[in-house]
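This is run03.csv (CSV, C-alpha atoms).
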chain,number,residue,atom,x,y,z
N,1,GLY,CA,73.8,74.6,-43.2
N,2,ALA,CA,70.0,74.8,-43.4
N,3,GLY,CA,68.4,75.9,-40.2
N,4,GLY,CA,70.0,78.7,-38.3
N,5,GLU,CA,69.6,81.9,-36.4
N,6,SER,CA,66.9,84.6,-36.8
N,7,TYR,CA,67.9,88.2,-37.6
N,8,GLU,CA,66.1,91.5,-37.1
N,9,SER,CA,67.3,93.1,-40.3
N,10,LEU,CA,69.4,92.7,-43.3
N,11,PRO,CA,70.5,96.2,-44.3
N,12,LEU,CA,72.4,96.3,-47.6
N,13,SER,CA,74.9,99.0,-48.3
N,14,ASP,CA,77.3,99.6,-51.1
N,15,GLU,CA,80.1,98.0,-49.1
N,16,ALA,CA,78.7,95.3,-46.9
N,17,LEU,CA,75.7,93.2,-45.8
N,18,THR,CA,75.0,93.4,-42.1
N,19,LEU,CA,73.2,90.7,-40.2
N,20,VAL,CA,71.9,91.6,-36.7
N,21,ALA,CA,71.3,88.7,-34.4
N,22,THR,CA,68.2,88.7,-32.2
N,23,ARG,CA,70.2,87.2,-29.3
N,24,GLU,CA,73.7,87.4,-27.9
N,25,VAL,CA,76.2,85.3,-29.8
N,26,SER,CA,79.4,84.2,-27.9
N,27,ALA,CA,82.8,84.5,-29.4
N,28,GLY,CA,83.6,81.4,-31.4
N,29,GLU,CA,80.1,80.2,-31.5
N,30,GLU,CA,78.9,78.7,-34.8
N,31,VAL,CA,76.3,80.8,-36.6
N,32,LEU,CA,74.2,79.1,-39.2
N,33,LEU,CA,72.5,80.5,-42.2
N,34,ASP,CA,69.0,79.3,-42.9
N,35,TYR,CA,68.5,78.7,-46.7
N,36,GLY,CA,64.8,78.4,-46.3
N,37,PRO,CA,62.4,75.6,-47.2
N,38,ARG,CA,64.2,74.4,-50.3
N,39,SER,CA,64.4,71.0,-51.8
N,40,ASN,CA,67.8,69.3,-52.4
N,41,ALA,CA,67.5,70.0,-56.1
N,42,GLN,CA,67.1,73.7,-55.4
N,43,LEU,CA,69.9,73.7,-52.9
N,44,LEU,CA,72.2,71.9,-55.3
N,45,ASN,CA,71.4,74.2,-58.2
N,46,THR,CA,71.7,77.5,-56.2
N,47,HIS,CA,74.2,76.7,-53.5
N,48,GLY,CA,76.1,73.6,-54.6
N,49,PHE,CA,75.2,71.2,-51.7
N,50,ALA,CA,72.6,68.7,-50.8
N,51,LEU,CA,71.4,67.4,-47.4
N,52,PRO,CA,71.1,63.7,-46.4
N,53,THR,CA,67.9,64.5,-44.7
N,54,THR,CA,65.5,67.4,-45.3
N,55,ALA,CA,61.9,68.0,-44.4
N,56,HIS,CA,61.6,70.3,-47.4
N,57,GLU,CA,62.1,67.7,-50.2
N,58,GLN,CA,59.8,68.3,-53.1
N,59,LEU,CA,59.2,67.6,-56.8
N,60,GLN,CA,57.4,69.5,-59.5
N,61,LEU,CA,54.5,67.3,-60.5
N,62,GLU,CA,52.8,67.7,-63.9
N,63,LEU,CA,49.1,67.0,-63.3
N,64,ARG,CA,46.3,67.4,-65.9
N,65,PRO,CA,43.0,65.7,-66.4
N,66,PRO,CA,43.0,62.7,-68.7
N,67,ALA,CA,42.4,63.5,-72.4
N,68,ASP,CA,39.4,61.2,-72.4
N,69,ASP,CA,37.7,62.9,-69.4
N,70,PRO,CA,34.7,64.8,-70.9
N,71,LEU,CA,34.9,67.2,-67.9
N,72,ALA,CA,38.6,68.1,-68.7
N,73,PRO,CA,37.9,71.5,-70.2
N,74,LEU,CA,35.6,72.5,-67.3
N,75,LYS,CA,38.1,71.3,-64.7
N,76,VAL,CA,40.9,73.2,-66.3
N,77,ARG,CA,38.8,76.4,-66.3
N,78,ILE,CA,37.9,75.9,-62.6
N,79,LEU,CA,41.6,75.5,-61.7
N,80,GLU,CA,42.7,78.4,-63.8
N,81,ALA,CA,40.0,80.6,-62.3
N,82,GLY,CA,41.6,79.8,-58.9
N,83,ASN,CA,45.1,80.6,-60.3
N,84,LEU,CA,46.1,77.0,-60.2
N,85,THR,CA,48.1,75.5,-63.1
N,86,SER,CA,50.4,72.6,-63.6
N,87,PRO,CA,53.1,71.8,-62.4
N,88,TYR,CA,52.3,71.5,-58.7
N,89,SER,CA,54.8,71.2,-55.8
N,90,LEU,CA,54.8,67.7,-54.3
N,91,GLY,CA,56.2,67.4,-50.8
N,92,ARG,CA,55.7,65.5,-47.6
N,93,SER,CA,53.1,68.0,-46.3
N,94,SER,CA,51.2,68.2,-49.6
N,95,LEU,CA,48.6,65.7,-48.6
N,96,SER,CA,48.0,67.0,-45.1
N,97,SER,CA,47.4,70.6,-45.9
N,98,ASP,CA,45.3,72.8,-48.2
N,99,SER,CA,48.1,72.7,-50.8
N,100,ASP,CA,47.6,73.7,-54.4
N,101,LEU,CA,48.3,70.1,-55.3
N,102,LEU,CA,45.5,68.7,-53.0
N,103,VAL,CA,43.0,71.3,-54.4
N,104,ALA,CA,43.9,70.3,-57.9
N,105,LEU,CA,43.6,66.6,-57.2
N,106,ARG,CA,40.2,66.9,-55.7
N,107,VAL,CA,38.9,68.9,-58.6
N,108,LEU,CA,40.5,66.6,-61.2
N,109,ALA,CA,39.0,63.5,-59.5
N,110,ALA,CA,35.5,65.0,-59.2
N,111,THR,CA,32.5,63.7,-61.0
N,112,ARG,CA,30.0,66.0,-62.7
N,113,ASP,CA,27.6,65.8,-59.7
N,114,GLU,CA,30.5,66.6,-57.3
N,115,LEU,CA,31.5,69.6,-59.3
N,116,ALA,CA,27.9,70.9,-59.4
N,117,GLY,CA,27.1,70.4,-55.7
N,118,SER,CA,23.6,70.2,-54.4
N,119,GLU,CA,21.0,72.0,-52.4
N,120,GLN,CA,21.2,69.3,-49.7
N,121,THR,CA,24.9,70.2,-49.0
N,122,GLY,CA,24.3,73.9,-49.5
N,123,ASP,CA,26.8,74.2,-52.4
N,124,LYS,CA,24.6,73.9,-55.5
N,125,GLY,CA,26.4,75.2,-58.5
N,126,ARG,CA,29.8,75.3,-56.8
N,127,GLY,CA,30.5,71.9,-55.3
N,128,TYR,CA,34.1,72.3,-56.3
N,129,ALA,CA,34.4,75.2,-53.9
N,130,ARG,CA,34.9,72.7,-51.1
N,131,ALA,CA,38.2,71.8,-52.5
N,132,PHE,CA,39.4,75.4,-52.5
N,133,GLU,CA,38.2,75.7,-48.9
N,134,GLY,CA,40.5,72.9,-47.9
N,135,SER,CA,37.7,70.4,-47.4
N,136,PRO,CA,37.0,67.0,-49.0
N,137,ILE,CA,34.4,67.0,-51.7
N,138,SER,CA,33.2,63.5,-50.8
N,139,GLN,CA,34.5,60.2,-49.5
N,140,GLY,CA,34.5,58.8,-53.0
N,141,ASN,CA,36.4,61.7,-54.3
N,142,GLU,CA,39.1,61.2,-51.6
N,143,LEU,CA,39.6,57.6,-52.7
N,144,ARG,CA,39.8,58.6,-56.4
N,145,TRP,CA,42.4,61.3,-56.1
N,146,GLN,CA,44.5,59.0,-53.9
N,147,GLU,CA,44.4,56.4,-56.6
N,148,MET,CA,45.1,59.0,-59.2
N,149,LEU,CA,48.2,60.3,-57.4
N,150,ALA,CA,49.5,56.9,-56.6
N,151,ARG,CA,49.4,56.0,-60.3
N,152,ARG,CA,51.3,59.2,-61.0
N,153,LEU,CA,54.0,58.6,-58.4
N,154,ARG,CA,54.9,55.0,-59.1
N,155,PRO,CA,56.5,55.7,-62.4
N,156,LEU,CA,58.5,58.6,-60.9
N,157,LEU,CA,59.9,56.3,-58.2
N,158,GLU,CA,60.6,53.6,-60.8
N,159,GLU,CA,62.5,56.1,-63.0
N,160,ARG,CA,64.8,57.0,-60.1
N,161,GLU,CA,65.2,53.4,-59.0
N,162,ALA,CA,66.3,52.6,-62.5
N,163,LEU,CA,69.2,55.1,-62.2
N,164,SER,CA,70.6,53.5,-59.0
N,165,THR,CA,69.3,50.8,-56.7
N,166,GLY,CA,69.2,51.2,-52.9
N,167,LEU,CA,72.4,49.1,-52.6
N,168,GLU,CA,74.2,51.3,-55.1
N,169,ASP,CA,73.1,54.4,-53.2
N,170,ALA,CA,74.4,52.8,-50.0
N,171,ALA,CA,77.7,52.0,-51.5
N,172,LEU,CA,78.1,55.6,-52.7
N,173,LEU,CA,76.8,57.3,-49.6
N,174,GLY,CA,78.2,55.3,-46.8
N,175,ALA,CA,76.3,53.7,-43.9
N,176,SER,CA,75.2,56.7,-42.0
N,177,ASP,CA,73.7,58.7,-44.9
N,178,ALA,CA,72.2,55.6,-46.5
N,179,ALA,CA,70.4,54.8,-43.2
N,180,ARG,CA,68.9,58.3,-43.0
N,181,LEU,CA,67.8,58.1,-46.6
N,182,GLY,CA,66.2,54.6,-46.2
N,183,ALA,CA,68.7,52.9,-48.6
N,184,PRO,CA,69.2,49.2,-47.7
N,185,LEU,CA,72.8,48.5,-46.7
N,186,ALA,CA,74.2,45.1,-47.5
N,187,ALA,CA,76.8,43.6,-45.2
N,188,GLY,CA,80.1,45.1,-45.9
N,189,ALA,CA,78.8,47.5,-48.6
N,190,ALA,CA,80.3,50.6,-47.0
N,191,GLN,CA,83.6,48.8,-46.4
N,192,ARG,CA,83.8,47.5,-50.0
N,193,SER,CA,83.2,51.0,-51.3
N,194,ARG,CA,86.1,52.2,-49.0
N,195,GLY,CA,83.8,54.8,-47.4
N,196,HIS,CA,81.7,57.2,-49.4
N,197,LEU,CA,82.9,59.7,-52.0
N,198,GLU,CA,84.1,63.1,-51.0
N,199,LEU,CA,81.4,65.5,-49.9
N,200,GLY,CA,82.1,67.8,-52.8
N,201,SER,CA,81.8,65.1,-55.4
N,202,ARG,CA,79.1,65.9,-58.0
N,203,ARG,CA,78.2,62.3,-58.3
N,204,ARG,CA,77.6,61.9,-54.6
N,205,LEU,CA,75.5,65.1,-54.4
N,206,ALA,CA,73.4,63.8,-57.3
N,207,VAL,CA,72.9,60.5,-55.5
N,208,VAL,CA,72.0,62.3,-52.3
N,209,THR,CA,69.4,64.4,-54.1
N,210,ARG,CA,67.9,61.4,-56.0
N,211,ALA,CA,67.9,59.2,-52.8
N,212,SER,CA,66.1,61.9,-50.9
N,213,GLU,CA,63.5,62.2,-53.6
N,214,LYS,CA,63.1,58.4,-53.6
N,215,LEU,CA,62.6,58.4,-49.9
N,216,MET,CA,59.9,61.0,-50.1
N,217,LEU,CA,58.1,59.1,-52.9
N,218,ARG,CA,58.2,55.9,-51.0
N,219,GLN,CA,56.8,57.6,-47.9
N,220,LEU,CA,54.0,59.2,-49.9
N,221,LEU,CA,53.1,56.0,-51.7
N,222,ALA,CA,53.0,54.1,-48.4
N,223,GLU,CA,50.7,56.8,-47.0
N,224,LEU,CA,48.4,56.7,-50.1
N,225,GLU,CA,48.3,52.9,-50.3
N,226,GLY,CA,47.6,52.7,-46.6
N,227,GLY,CA,44.7,55.0,-46.9
N,228,GLY,CA,46.5,57.7,-45.0
N,229,GLY,CA,45.8,60.6,-47.3
N,230,ALA,CA,43.7,63.6,-46.4
N,231,SER,CA,40.1,62.7,-45.6
N,232,ASP,CA,37.0,63.8,-43.7
Turn this file's structure into structure tokens for me.
Amino acid sequence: GAGGESYESLPLSDEALTLVATREVSAGEEVLLDYGPRSNAQLLNTHGFALPTTAHEQLQLELRPPADDPLAPLKVRILEAGNLTSPYSLGRSSLSSDSDLLVALRVLAATRDELAGSEQTGDKGRGYARAFEGSPISQGNELRWQEMLARRLRPLLEEREALSTGLEDAALLGASDAARLGAPLAAGAAQRSRGHLELGSRRRLAVVTRASEKLMLRQLLAELEGGGGASD
């Protein structure tokens, strides 16, 4: 499972890998291996399982300035100079931290004056630097990048909803997993499906992964549309 014990060392020899626990482990006690902060897609691709709930769900988001933005070349150069290029990791914490995505959004949503800065704010010639410092460029900029991101996320959610509805997810996953993933469960849906598919089923794992992504997208959109993104 994801989330387990801590170990002092992982010495590797030709014959065995030794894990040394940092506390006493009783005989028969379950010991878990922590797979790290990986999304369900990553867990499925590398380890063959997916979790009904994970705090580490994320998507790779392609994000570039609109082709008709006259500042597009300048914004791309600014981001590349900061070692930031698309795609960006989109996760639940992306909007509440100085993530690469949030830096890119602030730069991409900036006006010419915001990029240039001013003597009054003490950042003349480098107004964009505020984004790299984890600070809002301006209140207007915060509103623009939130609108920009919401427009980008809605189609991603619609694409996944088109593959399976919430009720279809619930029928495949069963009541307990569906509730954790925010899928609406119609009366008798779990019974009609005769329970959910076996855990090892590829179809069920794909549904778990997609449903987890949809839950994250719905939560982020609700945050954006409620004005809950990062701000001053």
- Item | Polymer residues at most 8 Å from Leu79 (chain N), only C-alpha atoms, same-chain spacing of 6 or more positions, as a PyMOL selection string | chain N and resi 85+104+107
Expressed in Å, the length from CA of Arg210 (chain N) to CA of Arg144 (chain N) is 28.2 Å
Requested in this report: Tell me, as a PyMOL selection string, which residues lie within 6 Å of region 86-98 of chain N, counting all atoms listed in the file; anything in the same chain fewer than 2 positions away does not count.
Outcome: chain N and resi 57-63+101+134+229-230
Selection export as an mmCIF file, in the frame of the given file, atoms kept: C-alpha atoms:
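selection-v1.cif, written as the output of this step:
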data_model
loop_
_atom_site.group_PDB
_atom_site.id
_atom_site.type_symbol
_atom_site.label_atom_id
_atom_site.label_comp_id
_atom_site.auth_asym_id
_atom_site.auth_seq_id
_atom_site.Cartn_x
_atom_site.Cartn_y
_atom_site.Cartn_z
ATOM 1 C CA GLU N 57 62.100 67.700 -50.200
ATOM 2 C CA GLN N 58 59.800 68.300 -53.100
ATOM 3 C CA LEU N 59 59.200 67.600 -56.800
ATOM 4 C CA GLN N 60 57.400 69.500 -59.500
ATOM 5 C CA LEU N 61 54.500 67.300 -60.500
ATOM 6 C CA GLU N 62 52.800 67.700 -63.900
ATOM 7 C CA LEU N 63 49.100 67.000 -63.300
ATOM 8 C CA LEU N 101 48.300 70.100 -55.300
ATOM 9 C CA GLY N 134 40.500 72.900 -47.900
ATOM 10 C CA GLY N 229 45.800 60.600 -47.300
ATOM 11 C CA ALA N 230 43.700 63.600 -46.400
#
Students should find that CA of Leu221 (chain N) and CA of Glu147 (chain N) are spaced 10.0 Å
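Reported to one decimal place, the separation of CA of Leu157 (chain N) from CA of Lys214 (chain N) is 6.0 Å.
For the set N:Ala222, N:Ala72, N:Val103, N:Ala206, the residue with the smallest atom-to-atom gap to Ala41 (chain N) is N:Ala206, counting all atoms listed in the file.
Selection around (36.0, 63.7, -70.3) with radius 12 Å, counting only C-alpha atoms, yields the residues N:Arg64, N:Pro65, N:Pro66, N:Ala67, N:Asp68, N:Asp69, N:Pro70, N:Leu71, N:Ala72, N:Pro73, N:Leu74, N:Lys75, N:Val76, N:Leu108, N:Ala109, N:Ala110, N:Thr111, N:Arg112.
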